[in-house]
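A.B. asks: Just dropping this structure here.
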Amino acid sequence: MEGDRSQTPKLAIFIRTIVNWNERWGDWIIEELVQHGTECFCISPGSRSTPLTIAAARNQGAKSTIFYDERAAAYYALGHARATGHPAVLICTSGTAAANYLPAVIESSVEQIPLLVLTADRPLELQDTGANQAINQTQLFGTHVRWFFDPGCPGPEFTAEALLSTIDHALSKTHRPLSGPVHLNFPFREPFFENNETDIKINLIQPPKTKSYVRYTASRKILPTKEIQDLLKHCPESGILSIGRVPSNSLDPIRKLTEELGWPVFADVTSGLRLGNNCPNRITYYDQLLLDDSAVANWGIEAVWHIGFPPTSKRWLKRWEQNPASQMVWIADHAERHDQSHNFRWKIEADIAEFCEHVVVGLQQEKRADLVQSITQQWLQASERIEDLMVQHFSVNPEKKEINEFGLVRKLTEIIPETHGFFIGNSIPVRAVDMVGSGKGADIPTALNRGASGIDGLIASACGYSSGLQRPVTLLIGDLSALHDLNSFKLLADSPEPVLLVLLNNHGGGIFSFLPVIRQTEIFEPFFGTPHSYDFSSVSEMFDLGYFNPDSISAFESDYTKAVRENKSAVIEIYSEREKNPQNLEALQQKLTKSAFESS
C-alpha cells in the first residue's frame, strides 16, 4: 500500500447546515479503498447499506457487480481475489444477509485468500429490541476473520482521520501477518442520505486523490543462510519433492528447483504444475503409482520435501502417516500447522520463491550423484507407462453411447485451450483430474475451493476467478454442486469473459458410491445417493445460455470445441451412471497395477 500524507493538512469540515454523516462516511470509505487500488466491489441490494452502495455506485474507480444472493456474492469475491491476490470487497445490509457470507469467509480463512467484508447494521438503540432485521453482528464470523471492528454510527466523534486509518488497517490485515478475511461492521441511522443536496454546503479539505491516507510497508521474511546450509548438508541423495498450492509468483522458481534438485516431483492438482508439460521431473501419475506400495517401497525414498498447502491425494497423505521418510521437511510462507500426519519434523517458514532461489544456488555448488537421476528415471518411466495405458484405456470406442466420467475428464484435460483458466469442483471432479488428468495438455492456471472442500458457490467462484484472470474459464462440477448454486447461472450469463460449465450429471451424489456405506442398501439411495431427475436445459434457457448435451466422448469434444469457438458462456451437460463410477475406476486401476510395474 502506498501513500505519504505527512505534509498534508488534517481533514476539516465546515458545515453551514446539517451534514448527513452516513453519506460522508460512505464516500470516504469507498474512496479510500479505491486509493489502495481496490477495484472489485460485490454488492447485494439492501436499505441499511445504502450509504456504502451509493458511494460505490458514484465512484468511477469502483467496479461494482450486483448480486441477488449474498452467498454467491461472497464466492464471486473469493474467486476474484484468488485470481488477483488482492482483496475484493463485499457490501450488504444487516441481518441474515451478512450471515450468508459465512461459507465463503471460512474458505477465505482456510485458504488464506484476502477478503474485505463491509456489513451494514442497525444502530445500538435498535439492538435487542425486536427491531426488524436486527441481529447481533458483533464478531459474526468468529475466529474465521483476521480482524473485526465496529466504529459505531457515523458522526464527528469518530474523526475522519480515524475512519481512514481504520480502512487502511483493515486492508493491511487482509494480507498480514496471514492473508484472509476482515470484517468491518457499520451501524447506520436513518436517513441514509440527503434528498436535497443543494441545502448542504461542505468544504472538505482532503489529501491528494492519488494517495492513500496511511502508508503500510510490508515486512519481509529473511531466510537465514544457515538454515539453507543445514538443509543441504543433511539432504539425502534420493527423495520426493511434493508441491501443493503455492503462490503463482513462485511457479518459475519451483520449476528451477525441480530441475536442479533432480528428485521425482509430485505436483498436486492445486499447484498449477499438475497439468501441461511445464514441470521438469514431474511424476504426472504418482497417485496411481502409489496403488502398489510394495513396488514403491523398493525405490528408496529417503526424504520428502513438501512445498505449500497439503495435497489432494489420499494415498500420498496416507504414506506420510504410515510410511514417513527419514527426513520430512515442510516449506510454507506462513506459520500455520497443516501437517495432519504429524510426521514432518522440520518446518521452514519463508517466501517460497526466495527459498527456491537460495536452494538452487546451493545445489549448483554441489555435485549430485548419479543415483539421483537413476531413481528419478525409474519414476518417470513408470509414469510414462501409466500414460500409455491410459491412452489405450480411454481411446477405446469414443463413439460409445455411454460416458465414463473419468474418460470425460481425461478428454477435457487434453483439449482445454491454453487461453482458458480451469476451475475444478470438489468431490469427483477434483479427484478425477488428480488421478487421470492428462499431463500433455495446455499449461493453464488452475483453481479449486479446496480449503474446506465444500460444493457450495462453485459457479460463483469460477465467475469471480474469470473476472480476476480477465480470461475465459472452463468450470468442471457435478450436478449437486450446480443445484446448490442455481442463482449463479445469472453470473454465467453476465460474465464478460466466457465461462464454460462442464456439468457431470449422474443424478445424485456420485462420490458416496465410493464409500463403504454403499453396502447399506436400504438407506444408501435415499440418504446418500440423493437421487433426482433434473436436467439443466431449462435453467440454461432461462438465462439465455448456450446448451449442449453430448452423448459420447467424441460428441463432447465436438460440442466443447464449438462452445470455445463461439466464445460465449455455455452449459455442457453430460449424463452418466454414478453406480458405474466405482466399477470403471476399479477396472482402470487393476489394469494399471498389473502392467505399470512390470519392468520395475
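If you're wondering about the labels, chains in the C-alpha cells are A, B, ... by order shown, residues count from 1 in each chain, ligands from 1 in order shown.
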Would you return as an NGL selection string the members of range 334-386 of chain A that DSSP assigns to alpha helix (DSSP H) on this structure's backbone?
C.D. replies: :A and (352-364 or 370-386)
A.B. asks: What residues in range 83-243 of chain A get the DSSP label strand (DSSP E or B)? Please answer as number ranges by chain.
C.D. replies: A: 88-92, 115-121, 147-149, 181-187, 202-205, 240-243
A.B. asks: Go ahead and save the picked residues with C-alpha atoms, as a compact mmCIF listing (two decimals), in the first residue's frame.
C.D. replies:
# COMPACT_ATOMS: atom_id res chain seq x y z
CA ALA A 88 -12.41 -7.98 -3.23
CA VAL A 89 -14.97 -6.00 -1.19
CA LEU A 90 -18.36 -7.30 -0.09
CA ILE A 91 -21.20 -4.91 0.80
CA CYS A 92 -24.55 -6.00 2.24
CA LEU A 115 -11.32 -10.61 1.50
CA LEU A 116 -12.90 -7.45 2.96
CA VAL A 117 -16.46 -7.70 4.30
CA LEU A 118 -18.42 -4.47 4.91
CA THR A 119 -21.74 -5.12 6.64
CA ALA A 120 -24.37 -2.51 7.45
CA ASP A 121 -26.07 -2.77 10.83
CA TRP A 147 -9.80 -8.72 12.34
CA PHE A 148 -13.22 -7.38 13.32
CA PHE A 149 -14.02 -3.74 14.05
CA PRO A 181 -10.95 -12.15 5.55
CA VAL A 182 -11.54 -8.97 7.56
CA HIS A 183 -14.95 -7.80 8.79
CA LEU A 184 -15.94 -4.16 9.33
CA ASN A 185 -19.44 -3.52 10.72
CA PHE A 186 -21.12 -0.13 10.19
CA PRO A 187 -24.30 0.80 12.08
CA ILE A 202 -19.40 21.38 2.60
CA ASN A 203 -15.84 22.47 2.15
CA LEU A 204 -13.91 19.25 2.55
CA ILE A 205 -10.13 19.61 2.66
CA ILE A 240 10.46 -36.69 -3.35
CA LEU A 241 9.70 -33.03 -3.97
CA SER A 242 5.98 -32.64 -3.24
CA ILE A 243 4.14 -29.47 -4.28
A.B. asks: Looking at only C-alpha atoms, which of A:Gly508, A:Gly454, A:Pro417, A:Pro151 is the one that sits closest to Glu107 in chain A?
C.D. replies: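 Comparing A:Gly508, A:Gly454, A:Pro417, A:Pro151 against Glu107 in chain A, the winner is A:Gly454.
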A.B. asks: Applying 6 Å and only C-alpha atoms, which residues near Glu23 in chain A remain after dropping the ones on its own chain fewer than 2 positions away? List them as JSON, numbers by chain.
C.D. replies: {"A": [20, 21, 25, 26, 51, 193]}
A.B. asks: Excluding Lys580 in chain A and its own-chain neighbours fewer than 2 positions away, which residues fall within 10 Å of it when counting only C-alpha atoms? Please give them as a PDB file with C-alpha atoms, in the first residue's frame.
C.D. replies:
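File part.pdb, as written:
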ATOM      1  CA  ASN A 404     -17.376 -42.736 -18.373  1.00  0.00           C
ATOM      2  CA  GLU A 405     -16.821 -39.688 -16.118  1.00  0.00           C
ATOM      3  CA  ASN A 506     -25.123 -38.558 -12.588  1.00  0.00           C
ATOM      4  CA  GLY A 510     -21.744 -39.803  -7.066  1.00  0.00           C
ATOM      5  CA  SER A 513     -20.756 -44.592  -4.336  1.00  0.00           C
ATOM      6  CA  SER A 576     -23.571 -40.624 -16.639  1.00  0.00           C
ATOM      7  CA  GLU A 577     -24.409 -43.503 -14.327  1.00  0.00           C
ATOM      8  CA  ARG A 578     -22.963 -42.916 -10.901  1.00  0.00           C
ATOM      9  CA  PRO A 582     -16.511 -47.347  -8.826  1.00  0.00           C
ATOM     10  CA  GLN A 583     -16.541 -50.182 -11.383  1.00  0.00           C
ATOM     11  CA  ASN A 584     -14.927 -48.005 -14.054  1.00  0.00           C
ATOM     12  CA  LEU A 585     -12.219 -46.782 -11.690  1.00  0.00           C
ATOM     13  CA  GLU A 586     -11.547 -50.268 -10.365  1.00  0.00           C
TER      14      GLU A 586
END
A.B. asks: Skip Val105 in chain A itself and residues of its chain fewer than 3 positions away, then list as a VMD selection string all residues within 12 Å of it, counting only C-alpha atoms.
C.D. replies: chain A and resid 70 to 79 88 to 90 98 to 102 108 to 117 140 to 146 174 179 to 183 449 451 to 452 457
A.B. asks: Keeping only C-alpha atoms, write those residues as an mmCIF file, in the first residue's frame.
C.D. replies:
data_model
loop_
_atom_site.group_PDB
_atom_site.id
_atom_site.type_symbol
_atom_site.label_atom_id
_atom_site.label_comp_id
_atom_site.auth_asym_id
_atom_site.auth_seq_id
_atom_site.Cartn_x
_atom_site.Cartn_y
_atom_site.Cartn_z
ATOM 1 C CA GLU A 70 -25.109 -12.759 -0.720
ATOM 2 C CA ARG A 71 -23.680 -16.277 -0.704
ATOM 3 C CA ALA A 72 -22.971 -16.072 -4.440
ATOM 4 C CA ALA A 73 -21.530 -12.581 -3.996
ATOM 5 C CA ALA A 74 -19.081 -13.840 -1.382
ATOM 6 C CA TYR A 75 -17.914 -16.748 -3.522
ATOM 7 C CA TYR A 76 -17.535 -14.486 -6.547
ATOM 8 C CA ALA A 77 -15.373 -12.160 -4.449
ATOM 9 C CA LEU A 78 -13.370 -15.174 -3.278
ATOM 10 C CA GLY A 79 -12.751 -16.312 -6.855
ATOM 11 C CA ALA A 88 -12.414 -7.980 -3.229
ATOM 12 C CA VAL A 89 -14.967 -6.003 -1.189
ATOM 13 C CA LEU A 90 -18.363 -7.303 -0.087
ATOM 14 C CA ALA A 98 -24.385 -10.879 6.315
ATOM 15 C CA ALA A 99 -24.738 -14.429 7.666
ATOM 16 C CA ASN A 100 -24.880 -15.755 4.098
ATOM 17 C CA TYR A 101 -21.242 -14.713 3.661
ATOM 18 C CA LEU A 102 -20.069 -17.286 6.217
ATOM 19 C CA SER A 108 -11.122 -17.459 2.541
ATOM 20 C CA SER A 109 -9.754 -18.044 6.036
ATOM 21 C CA VAL A 110 -8.622 -21.632 5.483
ATOM 22 C CA GLU A 111 -7.082 -20.935 2.069
ATOM 23 C CA GLN A 112 -5.595 -17.594 3.149
ATOM 24 C CA ILE A 113 -7.335 -15.570 0.416
ATOM 25 C CA PRO A 114 -7.719 -11.813 1.146
ATOM 26 C CA LEU A 115 -11.322 -10.610 1.503
ATOM 27 C CA LEU A 116 -12.901 -7.454 2.962
ATOM 28 C CA VAL A 117 -16.461 -7.696 4.303
ATOM 29 C CA LEU A 140 -20.448 -12.581 13.477
ATOM 30 C CA PHE A 141 -17.779 -14.668 11.732
ATOM 31 C CA GLY A 142 -15.985 -15.632 14.932
ATOM 32 C CA THR A 143 -12.413 -16.845 14.622
ATOM 33 C CA HIS A 144 -12.649 -17.108 10.833
ATOM 34 C CA VAL A 145 -11.706 -13.453 10.306
ATOM 35 C CA ARG A 146 -8.296 -11.882 10.823
ATOM 36 C CA THR A 174 -6.292 -8.929 4.760
ATOM 37 C CA SER A 179 -3.873 -13.366 4.419
ATOM 38 C CA GLY A 180 -7.596 -13.855 4.926
ATOM 39 C CA PRO A 181 -10.947 -12.153 5.548
ATOM 40 C CA VAL A 182 -11.537 -8.968 7.561
ATOM 41 C CA HIS A 183 -14.946 -7.801 8.787
ATOM 42 C CA ASN A 449 -12.092 -24.160 -3.382
ATOM 43 C CA GLY A 451 -9.716 -25.290 1.808
ATOM 44 C CA ALA A 452 -12.977 -26.527 3.310
ATOM 45 C CA GLY A 457 -20.733 -21.443 -4.509
#
A.B. asks: So the first atom is CA of Lys591 in chain A and the second is CA of Arg385 in chain A; what is the distance between them in Å, to one decimal place?
C.D. replies: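 That distance, rounded to one decimal, is 11.3 Å.
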A.B. asks: Identify, on the basis of only C-alpha atoms, every residue whose closest approach to range 273-279 of chain A does not exceed 6 Å; exclude the query and any residue fewer than 4 positions from it along the same chain; express the result as a list in words.
C.D. replies: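 With the cut-off at 6 Å, the set is Arg255, Ala267, Asp268, Val269, Gly439, Lys440, Gly441, Ala442 and Asp443 of chain A.
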A.B. asks: Given the selection you just returned, output its residues as a file containing C-alpha atoms, formatted as a short mmCIF file (atom, residue, chain, number, x, y, z; two decimals), in the first residue's frame.
C.D. replies:
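After the write, again20.cif holds the following:
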data_model
loop_
_atom_site.label_atom_id
_atom_site.label_comp_id
_atom_site.auth_asym_id
_atom_site.auth_seq_id
_atom_site.Cartn_x
_atom_site.Cartn_y
_atom_site.Cartn_z
CA ARG A 255 10.49 -25.23 -11.81
CA ALA A 267 2.72 -31.90 -8.24
CA ASP A 268 -0.77 -31.69 -6.77
CA VAL A 269 -3.69 -30.60 -8.94
CA GLY A 439 -0.09 -34.10 -18.42
CA LYS A 440 0.24 -33.29 -22.11
CA GLY A 441 -2.50 -30.71 -22.46
CA ALA A 442 -2.28 -26.93 -22.13
CA ASP A 443 -0.38 -25.12 -19.37
#
